[in-house]
file protein23.pdb (PDB, N, CA and C atoms)
ATOM      1  N   MET A   1     109.753  96.408  97.794
ATOM      2  CA  MET A   1     110.946  95.618  97.660
ATOM      3  C   MET A   1     111.426  95.217  99.057
ATOM      4  N   THR A   2     111.850  93.975  99.214
ATOM      5  CA  THR A   2     112.285  93.487 100.517
ATOM      6  C   THR A   2     113.743  93.834 100.782
ATOM      7  N   ARG A   3     114.122  93.711 102.015
ATOM      8  CA  ARG A   3     115.495  93.997 102.412
ATOM      9  C   ARG A   3     116.401  92.864 101.957
ATOM     10  N   SER A   4     117.642  93.200 101.595
ATOM     11  CA  SER A   4     118.603  92.229 101.108
ATOM     12  C   SER A   4     118.917  91.192 102.179
ATOM     13  N   LEU A   5     119.093  89.949 101.775
ATOM     14  CA  LEU A   5     119.422  88.895 102.724
ATOM     15  C   LEU A   5     120.856  89.003 103.228
ATOM     16  N   LYS A   6     121.693  89.762 102.511
ATOM     17  CA  LYS A   6     123.068  89.977 102.974
ATOM     18  C   LYS A   6     123.096  90.835 104.230
ATOM     19  N   LYS A   7     122.102  91.697 104.374
ATOM     20  CA  LYS A   7     122.027  92.573 105.541
ATOM     21  C   LYS A   7     121.254  91.885 106.660
ATOM     22  N   ASN A   8     121.460  92.335 107.851
ATOM     23  CA  ASN A   8     120.670  91.850 108.974
ATOM     24  C   ASN A   8     119.323  92.556 108.970
ATOM     25  N   PRO A   9     118.327  92.023 109.691
ATOM     26  CA  PRO A   9     117.039  92.728 109.768
ATOM     27  C   PRO A   9     117.210  94.077 110.450
ATOM     28  N   PHE A  10     116.419  95.048 110.018
ATOM     29  CA  PHE A  10     116.532  96.389 110.575
ATOM     30  C   PHE A  10     115.899  96.446 111.959
ATOM     31  N   VAL A  11     116.687  96.884 112.924
ATOM     32  CA  VAL A  11     116.206  97.166 114.272
ATOM     33  C   VAL A  11     116.864  98.475 114.673
ATOM     34  N   ALA A  12     116.075  99.414 115.203
ATOM     35  CA  ALA A  12     116.625 100.700 115.613
ATOM     36  C   ALA A  12     117.718 100.471 116.665
ATOM     37  N   ASN A  13     118.828 101.207 116.548
ATOM     38  CA  ASN A  13     119.982 101.000 117.426
ATOM     39  C   ASN A  13     119.632 101.188 118.895
ATOM     40  N   PHE A  14     118.883 102.245 119.214
ATOM     41  CA  PHE A  14     118.561 102.495 120.615
ATOM     42  C   PHE A  14     117.690 101.387 121.184
ATOM     43  N   LEU A  15     116.811 100.833 120.367
ATOM     44  CA  LEU A  15     115.927  99.763 120.810
ATOM     45  C   LEU A  15     116.730  98.492 121.074
ATOM     46  N   LEU A  16     117.674  98.196 120.203
ATOM     47  CA  LEU A  16     118.517  97.015 120.359
ATOM     48  C   LEU A  16     119.395  97.134 121.600
ATOM     49  N   ARG A  17     119.936  98.336 121.846
ATOM     50  CA  ARG A  17     120.764  98.549 123.034
ATOM     51  C   ARG A  17     119.948  98.382 124.312
ATOM     52  N   LYS A  18     118.730  98.918 124.335
ATOM     53  CA  LYS A  18     117.887  98.794 125.526
ATOM     54  C   LYS A  18     117.547  97.336 125.817
ATOM     55  N   ILE A  19     117.213  96.578 124.782
ATOM     56  CA  ILE A  19     116.831  95.180 124.973
ATOM     57  C   ILE A  19     118.027  94.347 125.416
ATOM     58  N   ASN A  20     119.187  94.593 124.829
ATOM     59  CA  ASN A  20     120.382  93.854 125.246
ATOM     60  C   ASN A  20     120.746  94.171 126.692
ATOM     61  N   LYS A  21     120.583  95.431 127.102
ATOM     62  CA  LYS A  21     120.873  95.816 128.480
ATOM     63  C   LYS A  21     119.914  95.128 129.445
ATOM     64  N   LEU A  22     118.635  95.057 129.085
ATOM     65  CA  LEU A  22     117.662  94.390 129.948
ATOM     66  C   LEU A  22     117.886  92.882 129.991
ATOM     67  N   ASN A  23     118.334  92.303 128.880
ATOM     68  CA  ASN A  23     118.588  90.859 128.854
ATOM     69  C   ASN A  23     119.794  90.490 129.713
ATOM     70  N   THR A  24     120.824  91.347 129.748
ATOM     71  CA  THR A  24     121.994  91.040 130.575
ATOM     72  C   THR A  24     121.658  91.164 132.058
ATOM     73  N   LYS A  25     120.756  92.088 132.404
ATOM     74  CA  LYS A  25     120.336  92.248 133.795
ATOM     75  C   LYS A  25     119.239  91.264 134.183
ATOM     76  N   ALA A  26     118.661  90.593 133.204
ATOM     77  CA  ALA A  26     117.527  89.673 133.396
ATOM     78  C   ALA A  26     116.347  90.408 134.028
ATOM     79  N   GLU A  27     116.058  91.609 133.525
ATOM     80  CA  GLU A  27     114.938  92.411 134.009
ATOM     81  C   GLU A  27     113.900  92.567 132.908
ATOM     82  N   LYS A  28     112.699  92.909 133.314
ATOM     83  CA  LYS A  28     111.623  93.199 132.376
ATOM     84  C   LYS A  28     111.119  94.602 132.643
ATOM     85  N   GLU A  29     111.227  95.481 131.670
ATOM     86  CA  GLU A  29     110.711  96.846 131.763
ATOM     87  C   GLU A  29     109.902  97.144 130.515
ATOM     88  N   ILE A  30     109.078  98.162 130.611
ATOM     89  CA  ILE A  30     108.324  98.616 129.447
ATOM     90  C   ILE A  30     109.212  99.554 128.645
ATOM     91  N   ILE A  31     109.335  99.286 127.354
ATOM     92  CA  ILE A  31     110.177 100.081 126.463
ATOM     93  C   ILE A  31     109.258 100.896 125.564
ATOM     94  N   VAL A  32     109.446 102.219 125.552
ATOM     95  CA  VAL A  32     108.624 103.111 124.742
ATOM     96  C   VAL A  32     109.376 103.432 123.459
ATOM     97  N   THR A  33     108.712 103.254 122.319
ATOM     98  CA  THR A  33     109.366 103.535 121.040
ATOM     99  C   THR A  33     108.349 104.015 120.013
ATOM    100  N   ARG A  34     108.850 104.700 119.020
ATOM    101  CA  ARG A  34     108.046 105.085 117.866
ATOM    102  C   ARG A  34     108.613 104.474 116.591
ATOM    103  N   ALA A  35     109.568 103.580 116.725
ATOM    104  CA  ALA A  35     110.227 102.943 115.590
ATOM    105  C   ALA A  35     109.371 101.785 115.091
ATOM    106  N   ARG A  36     108.331 102.110 114.325
ATOM    107  CA  ARG A  36     107.402 101.103 113.830
ATOM    108  C   ARG A  36     108.013 100.225 112.750
ATOM    109  N   THR A  37     109.104 100.669 112.127
ATOM    110  CA  THR A  37     109.712  99.909 111.041
ATOM    111  C   THR A  37     110.713  98.871 111.535
ATOM    112  N   SER A  38     110.951  98.815 112.830
ATOM    113  CA  SER A  38     111.906  97.854 113.378
ATOM    114  C   SER A  38     111.339  96.443 113.306
ATOM    115  N   THR A  39     112.209  95.508 112.959
ATOM    116  CA  THR A  39     111.826  94.107 112.872
ATOM    117  C   THR A  39     111.952  93.466 114.247
ATOM    118  N   ILE A  40     111.031  92.586 114.578
ATOM    119  CA  ILE A  40     111.083  91.875 115.853
ATOM    120  C   ILE A  40     112.051  90.715 115.710
ATOM    121  N   ILE A  41     113.026  90.658 116.613
ATOM    122  CA  ILE A  41     114.041  89.599 116.591
ATOM    123  C   ILE A  41     113.866  88.723 117.827
ATOM    124  N   PRO A  42     114.457  87.519 117.844
ATOM    125  CA  PRO A  42     114.233  86.593 118.965
ATOM    126  C   PRO A  42     114.674  87.118 120.328
ATOM    127  N   THR A  43     115.604  88.067 120.395
ATOM    128  CA  THR A  43     116.014  88.586 121.700
ATOM    129  C   THR A  43     114.949  89.467 122.327
ATOM    130  N   MET A  44     113.942  89.868 121.572
ATOM    131  CA  MET A  44     112.860  90.709 122.088
ATOM    132  C   MET A  44     111.746  89.908 122.747
ATOM    133  N   ILE A  45     111.752  88.602 122.613
ATOM    134  CA  ILE A  45     110.655  87.775 123.124
ATOM    135  C   ILE A  45     110.555  87.931 124.637
ATOM    136  N   GLY A  46     109.346  88.178 125.112
ATOM    137  CA  GLY A  46     109.095  88.302 126.535
ATOM    138  C   GLY A  46     109.083  89.727 127.038
ATOM    139  N   HIS A  47     109.439  90.686 126.190
ATOM    140  CA  HIS A  47     109.447  92.087 126.596
ATOM    141  C   HIS A  47     108.135  92.756 126.198
ATOM    142  N   THR A  48     107.794  93.834 126.901
ATOM    143  CA  THR A  48     106.631  94.633 126.581
ATOM    144  C   THR A  48     107.114  95.936 125.964
ATOM    145  N   ILE A  49     106.627  96.244 124.778
ATOM    146  CA  ILE A  49     107.044  97.432 124.051
ATOM    147  C   ILE A  49     105.820  98.293 123.792
ATOM    148  N   VAL A  50     105.967  99.587 124.017
ATOM    149  CA  VAL A  50     104.892 100.544 123.762
ATOM    150  C   VAL A  50     105.141 101.154 122.394
ATOM    151  N   ILE A  51     104.162 101.012 121.480
ATOM    152  CA  ILE A  51     104.306 101.490 120.106
ATOM    153  C   ILE A  51     103.292 102.602 119.874
ATOM    154  N   HIS A  52     103.746 103.672 119.268
ATOM    155  CA  HIS A  52     102.874 104.813 118.978
ATOM    156  C   HIS A  52     102.196 104.597 117.634
ATOM    157  N   ASN A  53     100.867 104.793 117.575
ATOM    158  CA  ASN A  53     100.151 104.580 116.316
ATOM    159  C   ASN A  53      99.719 105.884 115.660
ATOM    160  N   GLY A  54     100.217 107.004 116.148
ATOM    161  CA  GLY A  54      99.870 108.286 115.582
ATOM    162  C   GLY A  54      98.949 109.080 116.473
ATOM    163  N   LYS A  55      98.212 108.400 117.322
ATOM    164  CA  LYS A  55      97.279 109.070 118.223
ATOM    165  C   LYS A  55      97.564 108.708 119.677
ATOM    166  N   GLU A  56      97.813 107.438 119.923
ATOM    167  CA  GLU A  56      98.035 106.975 121.291
ATOM    168  C   GLU A  56      99.113 105.898 121.300
ATOM    169  N   ASP A  57      99.547 105.533 122.498
ATOM    170  CA  ASP A  57     100.551 104.495 122.652
ATOM    171  C   ASP A  57      99.866 103.183 123.016
ATOM    172  N   LEU A  58     100.274 102.106 122.340
ATOM    173  CA  LEU A  58      99.675 100.793 122.572
ATOM    174  C   LEU A  58     100.715  99.844 123.153
ATOM    175  N   LEU A  59     100.339  99.115 124.205
ATOM    176  CA  LEU A  59     101.215  98.115 124.809
ATOM    177  C   LEU A  59     101.192  96.842 123.969
ATOM    178  N   ILE A  60     102.358  96.345 123.617
ATOM    179  CA  ILE A  60     102.477  95.116 122.839
ATOM    180  C   ILE A  60     103.410  94.182 123.586
ATOM    181  N   TYR A  61     102.932  92.979 123.920
ATOM    182  CA  TYR A  61     103.776  91.961 124.543
ATOM    183  C   TYR A  61     104.307  91.072 123.429
ATOM    184  N   ILE A  62     105.622  90.944 123.324
ATOM    185  CA  ILE A  62     106.259  90.214 122.225
ATOM    186  C   ILE A  62     106.270  88.725 122.535
ATOM    187  N   THR A  63     105.715  87.930 121.618
ATOM    188  CA  THR A  63     105.725  86.476 121.736
ATOM    189  C   THR A  63     106.553  85.883 120.608
ATOM    190  N   ASP A  64     106.743  84.579 120.647
ATOM    191  CA  ASP A  64     107.580  83.932 119.647
ATOM    192  C   ASP A  64     106.946  83.913 118.262
ATOM    193  N   ARG A  65     105.644  84.056 118.172
ATOM    194  CA  ARG A  65     104.979  84.049 116.862
ATOM    195  C   ARG A  65     105.106  85.379 116.136
ATOM    196  N   MET A  66     105.616  86.424 116.814
ATOM    197  CA  MET A  66     105.763  87.746 116.214
ATOM    198  C   MET A  66     107.133  87.961 115.573
ATOM    199  N   VAL A  67     108.041  87.002 115.717
ATOM    200  CA  VAL A  67     109.400  87.153 115.198
ATOM    201  C   VAL A  67     109.362  87.313 113.679
ATOM    202  N   ASN A  68     110.201  88.205 113.157
ATOM    203  CA  ASN A  68     110.345  88.550 111.736
ATOM    204  C   ASN A  68     109.207  89.409 111.205
ATOM    205  N   HIS A  69     108.335  89.907 112.063
ATOM    206  CA  HIS A  69     107.336  90.889 111.665
ATOM    207  C   HIS A  69     107.815  92.264 112.113
ATOM    208  N   LYS A  70     107.175  93.291 111.624
ATOM    209  CA  LYS A  70     107.511  94.661 112.018
ATOM    210  C   LYS A  70     106.680  95.063 113.237
ATOM    211  N   LEU A  71     107.213  95.981 114.040
ATOM    212  CA  LEU A  71     106.479  96.457 115.214
ATOM    213  C   LEU A  71     105.194  97.165 114.814
ATOM    214  N   GLY A  72     105.203  97.865 113.689
ATOM    215  CA  GLY A  72     104.045  98.620 113.252
ATOM    216  C   GLY A  72     102.868  97.761 112.846
ATOM    217  N   GLU A  73     103.090  96.478 112.591
ATOM    218  CA  GLU A  73     101.995  95.596 112.200
ATOM    219  C   GLU A  73     101.038  95.325 113.352
ATOM    220  N   PHE A  74     101.480  95.563 114.576
ATOM    221  CA  PHE A  74     100.675  95.240 115.743
ATOM    222  C   PHE A  74     100.057  96.470 116.386
ATOM    223  N   SER A  75     100.149  97.609 115.728
ATOM    224  CA  SER A  75      99.479  98.817 116.226
ATOM    225  C   SER A  75      98.750  99.468 115.059
ATOM    226  N   PRO A  76      97.466  99.133 114.880
ATOM    227  CA  PRO A  76      96.719  99.662 113.731
ATOM    228  C   PRO A  76      96.563 101.175 113.810
ATOM    229  N   THR A  77      96.645 101.823 112.654
ATOM    230  CA  THR A  77      96.577 103.278 112.601
ATOM    231  C   THR A  77      95.226 103.774 112.101
ATOM    232  N   LEU A  78      94.452 102.942 111.436
ATOM    233  CA  LEU A  78      93.166 103.355 110.896
ATOM    234  C   LEU A  78      92.036 102.609 111.587
ATOM    235  N   ASN A  79      90.955 103.300 111.858
ATOM    236  CA  ASN A  79      89.773 102.683 112.450
ATOM    237  C   ASN A  79      88.613 102.822 111.471
ATOM    238  N   PHE A  80      88.132 101.689 110.935
ATOM    239  CA  PHE A  80      87.013 101.694 110.012
ATOM    240  C   PHE A  80      85.732 101.860 110.805
ATOM    241  N   ARG A  81      84.958 102.891 110.513
ATOM    242  CA  ARG A  81      83.754 103.195 111.279
ATOM    243  C   ARG A  81      82.476 102.816 110.530
ATOM    244  N   GLY A  82      82.588 102.145 109.402
ATOM    245  CA  GLY A  82      81.419 101.719 108.656
ATOM    246  C   GLY A  82      81.122 102.653 107.494
ATOM    247  N   HIS A  83      80.251 102.207 106.593
ATOM    248  CA  HIS A  83      79.852 103.013 105.457
ATOM    249  C   HIS A  83      78.784 104.016 105.875
ATOM    250  N   ALA A  84      78.682 105.072 105.110
ATOM    251  CA  ALA A  84      77.669 106.083 105.399
ATOM    252  C   ALA A  84      76.280 105.521 105.103
ATOM    253  N   LYS A  85      75.300 105.922 105.882
ATOM    254  CA  LYS A  85      73.939 105.407 105.709
ATOM    255  C   LYS A  85      73.295 105.888 104.415
ATOM    256  N   ASN A  86      73.569 107.125 104.024
ATOM    257  CA  ASN A  86      72.902 107.690 102.853
ATOM    258  C   ASN A  86      73.797 107.652 101.603
ATOM    259  N   ASP A  87      74.752 106.757 101.580
ATOM    260  CA  ASP A  87      75.647 106.647 100.431
ATOM    261  C   ASP A  87      75.026 105.743  99.378
ATOM    262  N   ASN A  88      74.570 106.328  98.256
ATOM    263  CA  ASN A  88      73.914 105.559  97.213
ATOM    264  C   ASN A  88      74.890 104.805  96.328
ATOM    265  N   LYS A  89      76.158 105.192  96.338
ATOM    266  CA  LYS A  89      77.151 104.534  95.488
ATOM    267  C   LYS A  89      77.399 103.085  95.948
ATOM    268  N   SER A  90      77.321 102.841  97.233
ATOM    269  CA  SER A  90      77.604 101.504  97.744
ATOM    270  C   SER A  90      76.425 100.550  97.542
ATOM    271  N   ARG A  91      75.268 101.023  97.137
ATOM    272  CA  ARG A  91      74.108 100.165  96.960
ATOM    273  C   ARG A  91      73.956  99.663  95.533
ATOM    274  N   ARG A  92      74.770 100.116  94.624
ATOM    275  CA  ARG A  92      74.633  99.704  93.235
ATOM    276  C   ARG A  92      75.054  98.302  93.004
TER     277      ARG A  92
END
call {"tool": "encode", "arguments": {"input": "protein23.pdb", "output": "structure tokens"}}
result
Amino acid sequence: MTRSLKKNPFVANFLLRKINKLNTKAEKEIIVTRARTSTIIPTMIGHTIVIHNGKEDLLIYITDRMVNHKLGEFSPTLNFRGHAKNDNKSRR
């Protein structure tokens, strides 16, 4: 189910405060977060955010095409390593 249109998009409070502080200073810093459910808003464009995928931290540079997507969409958590060689079920 999607979020109600009456509400604003969800962005973690600490993340929003950090970005607003950097925008007022006109600085660019790397922001470390684990808030994968936060929505990317237009004020985040041009910033570099480090997102945790469960194992490691990935650097993500926010562009204008990422607006209205979630941060977690850009840090994959699963790595497909291929099918097993001796798996007879996949050959049917």
call {"tool": "residues_near_point", "arguments": {"input": "protein23.pdb", "point": "(105.3, 96.7, 115.6)", "cutoff": "8 Å", "atoms": "only C-alpha atoms", "output": "PyMOL selection string"}}
result
chain A and resi 35-40+51+60+69-75
call {"tool": "write_last_selection", "arguments": {"input": "protein23.pdb", "atoms": "N, CA and C atoms", "output": "mmCIF file, in the coordinates of the input"}}
result
data_model
loop_
_atom_site.group_PDB
_atom_site.id
_atom_site.type_symbol
_atom_site.label_atom_id
_atom_site.label_comp_id
_atom_site.auth_asym_id
_atom_site.auth_seq_id
_atom_site.Cartn_x
_atom_site.Cartn_y
_atom_site.Cartn_z
ATOM 1 N N ALA A 35 109.568 103.580 116.725
ATOM 2 C CA ALA A 35 110.227 102.943 115.590
ATOM 3 C C ALA A 35 109.371 101.785 115.091
ATOM 4 N N ARG A 36 108.331 102.110 114.325
ATOM 5 C CA ARG A 36 107.402 101.103 113.830
ATOM 6 C C ARG A 36 108.013 100.225 112.750
ATOM 7 N N THR A 37 109.104 100.669 112.127
ATOM 8 C CA THR A 37 109.712 99.909 111.041
ATOM 9 C C THR A 37 110.713 98.871 111.535
ATOM 10 N N SER A 38 110.951 98.815 112.830
ATOM 11 C CA SER A 38 111.906 97.854 113.378
ATOM 12 C C SER A 38 111.339 96.443 113.306
ATOM 13 N N THR A 39 112.209 95.508 112.959
ATOM 14 C CA THR A 39 111.826 94.107 112.872
ATOM 15 C C THR A 39 111.952 93.466 114.247
ATOM 16 N N ILE A 40 111.031 92.586 114.578
ATOM 17 C CA ILE A 40 111.083 91.875 115.853
ATOM 18 C C ILE A 40 112.051 90.715 115.710
ATOM 19 N N ILE A 51 104.162 101.012 121.480
ATOM 20 C CA ILE A 51 104.306 101.490 120.106
ATOM 21 C C ILE A 51 103.292 102.602 119.874
ATOM 22 N N ILE A 60 102.358 96.345 123.617
ATOM 23 C CA ILE A 60 102.477 95.116 122.839
ATOM 24 C C ILE A 60 103.410 94.182 123.586
ATOM 25 N N HIS A 69 108.335 89.907 112.063
ATOM 26 C CA HIS A 69 107.336 90.889 111.665
ATOM 27 C C HIS A 69 107.815 92.264 112.113
ATOM 28 N N LYS A 70 107.175 93.291 111.624
ATOM 29 C CA LYS A 70 107.511 94.661 112.018
ATOM 30 C C LYS A 70 106.680 95.063 113.237
ATOM 31 N N LEU A 71 107.213 95.981 114.040
ATOM 32 C CA LEU A 71 106.479 96.457 115.214
ATOM 33 C C LEU A 71 105.194 97.165 114.814
ATOM 34 N N GLY A 72 105.203 97.865 113.689
ATOM 35 C CA GLY A 72 104.045 98.620 113.252
ATOM 36 C C GLY A 72 102.868 97.761 112.846
ATOM 37 N N GLU A 73 103.090 96.478 112.591
ATOM 38 C CA GLU A 73 101.995 95.596 112.200
ATOM 39 C C GLU A 73 101.038 95.325 113.352
ATOM 40 N N PHE A 74 101.480 95.563 114.576
ATOM 41 C CA PHE A 74 100.675 95.240 115.743
ATOM 42 C C PHE A 74 100.057 96.470 116.386
ATOM 43 N N SER A 75 100.149 97.609 115.728
ATOM 44 C CA SER A 75 99.479 98.817 116.226
ATOM 45 C C SER A 75 98.750 99.468 115.059
#
call {"tool": "atom_distance", "arguments": {"input": "protein23.pdb", "atom1": "atom C of Arg81 (chain A)", "atom2": "atom N of Asp57 (chain A)"}}
result
21.0 Å
call {"tool": "atom_distance", "arguments": {"input": "protein23.pdb", "atom1": "CA of Leu22 (chain A)", "atom2": "CA of Arg65 (chain A)"}}
result
21.0 Å
call {"tool": "select_by_dssp", "arguments": {"input": "protein23.pdb", "residues": "chain A", "states": "helix (DSSP H, G or I)", "output": "MDAnalysis selection string"}}
result
chainID A and resid 13:25 42:44 64:66 71:74 89:91
call {"tool": "atom_distance", "arguments": {"input": "protein23.pdb", "atom1": "CA of Val67 (chain A)", "atom2": "atom N of Asn79 (chain A)"}}
result
24.7 Å
call {"tool": "select_by_dssp", "arguments": {"input": "protein23.pdb", "residues": "chain A", "states": "strand (DSSP E or B)", "output": "ChimeraX atom specification"}}
result
/A:30-33,39,48-52,57-61,70
call {"tool": "resolve_selection", "arguments": {"input": "protein23.pdb", "expression": "the PyMOL selection byres ((chain A and resi 61) around 7)", "output": "PyMOL selection string"}}
result
chain A and resi 46-49+59-60+62-63
call {"tool": "closest_residue", "arguments": {"input": "protein23.pdb", "among": "A:Ile41, A:Pro76, A:Ile30, A:Asn86", "to": "Asn8 (chain A)", "atoms": "only C-alpha atoms"}}
result
A:Ile41
call {"tool": "axis_aligned_box", "arguments": {"input": "protein23.pdb", "around": "region 52-62 of chain A", "padding_each_side": "6 Å", "output": "AutoDock Vina command-line options"}}
result
--center_x 101.8 --center_y 98.9 --center_z 120.2 --size_x 21.0 --size_y 32.4 --size_z 21.2
call {"tool": "closest_residue", "arguments": {"input": "protein23.pdb", "among": "A:Leu58, A:Phe14, A:Val50, A:Asn68", "to": "Ile31 (chain A)", "atoms": "all atoms listed in the file"}}
result
A:Val50
call {"tool": "build_atoms", "arguments": {"input": "protein23.pdb", "residues": "region 17-38 of chain A", "atoms": "N, CA, C and O atoms", "output": "short mmCIF file (atom, residue, chain, number, x, y, z; two decimals), keeping the file's coordinate frame"}}
result
data_model
loop_
_atom_site.label_atom_id
_atom_site.label_comp_id
_atom_site.auth_asym_id
_atom_site.auth_seq_id
_atom_site.Cartn_x
_atom_site.Cartn_y
_atom_site.Cartn_z
N ARG A 17 119.94 98.34 121.85
CA ARG A 17 120.76 98.55 123.03
C ARG A 17 119.95 98.38 124.31
O ARG A 17 120.42 97.77 125.28
N LYS A 18 118.73 98.92 124.34
CA LYS A 18 117.89 98.79 125.53
C LYS A 18 117.55 97.34 125.82
O LYS A 18 117.58 96.90 126.97
N ILE A 19 117.21 96.58 124.78
CA ILE A 19 116.83 95.18 124.97
C ILE A 19 118.03 94.35 125.42
O ILE A 19 117.90 93.51 126.30
N ASN A 20 119.19 94.59 124.83
CA ASN A 20 120.38 93.85 125.25
C ASN A 20 120.75 94.17 126.69
O ASN A 20 121.17 93.29 127.44
N LYS A 21 120.58 95.43 127.10
CA LYS A 21 120.87 95.82 128.48
C LYS A 21 119.91 95.13 129.44
O LYS A 21 120.33 94.63 130.49
N LEU A 22 118.64 95.06 129.08
CA LEU A 22 117.66 94.39 129.95
C LEU A 22 117.89 92.88 129.99
O LEU A 22 117.66 92.24 131.03
N ASN A 23 118.33 92.30 128.88
CA ASN A 23 118.59 90.86 128.85
C ASN A 23 119.79 90.49 129.71
O ASN A 23 119.80 89.43 130.34
N THR A 24 120.82 91.35 129.75
CA THR A 24 121.99 91.04 130.57
C THR A 24 121.66 91.16 132.06
O THR A 24 122.20 90.42 132.87
N LYS A 25 120.76 92.09 132.40
CA LYS A 25 120.34 92.25 133.79
C LYS A 25 119.24 91.26 134.18
O LYS A 25 118.91 91.13 135.35
N ALA A 26 118.66 90.59 133.20
CA ALA A 26 117.53 89.67 133.40
C ALA A 26 116.35 90.41 134.03
O ALA A 26 115.70 89.91 134.94
N GLU A 27 116.06 91.61 133.52
CA GLU A 27 114.94 92.41 134.01
C GLU A 27 113.90 92.57 132.91
O GLU A 27 114.20 92.40 131.73
N LYS A 28 112.70 92.91 133.31
CA LYS A 28 111.62 93.20 132.38
C LYS A 28 111.12 94.60 132.64
O LYS A 28 110.65 94.90 133.73
N GLU A 29 111.23 95.48 131.67
CA GLU A 29 110.71 96.85 131.76
C GLU A 29 109.90 97.14 130.51
O GLU A 29 110.06 96.48 129.49
N ILE A 30 109.08 98.16 130.61
CA ILE A 30 108.32 98.62 129.45
C ILE A 30 109.21 99.55 128.65
O ILE A 30 109.79 100.50 129.18
N ILE A 31 109.34 99.29 127.35
CA ILE A 31 110.18 100.08 126.46
C ILE A 31 109.26 100.90 125.56
O ILE A 31 108.40 100.34 124.88
N VAL A 32 109.45 102.22 125.55
CA VAL A 32 108.62 103.11 124.74
C VAL A 32 109.38 103.43 123.46
O VAL A 32 110.55 103.81 123.50
N THR A 33 108.71 103.25 122.32
CA THR A 33 109.37 103.54 121.04
C THR A 33 108.35 104.02 120.01
O THR A 33 107.16 103.78 120.14
N ARG A 34 108.85 104.70 119.02
CA ARG A 34 108.05 105.08 117.87
C ARG A 34 108.61 104.47 116.59
O ARG A 34 108.18 104.81 115.50
N ALA A 35 109.57 103.58 116.72
CA ALA A 35 110.23 102.94 115.59
C ALA A 35 109.37 101.78 115.09
O ALA A 35 109.63 100.63 115.39
N ARG A 36 108.33 102.11 114.32
CA ARG A 36 107.40 101.10 113.83
C ARG A 36 108.01 100.22 112.75
O ARG A 36 107.52 99.13 112.48
N THR A 37 109.10 100.67 112.13
CA THR A 37 109.71 99.91 111.04
C THR A 37 110.71 98.87 111.54
O THR A 37 111.25 98.12 110.74
N SER A 38 110.95 98.82 112.83
CA SER A 38 111.91 97.85 113.38
C SER A 38 111.34 96.44 113.31
O SER A 38 110.17 96.20 113.57
#
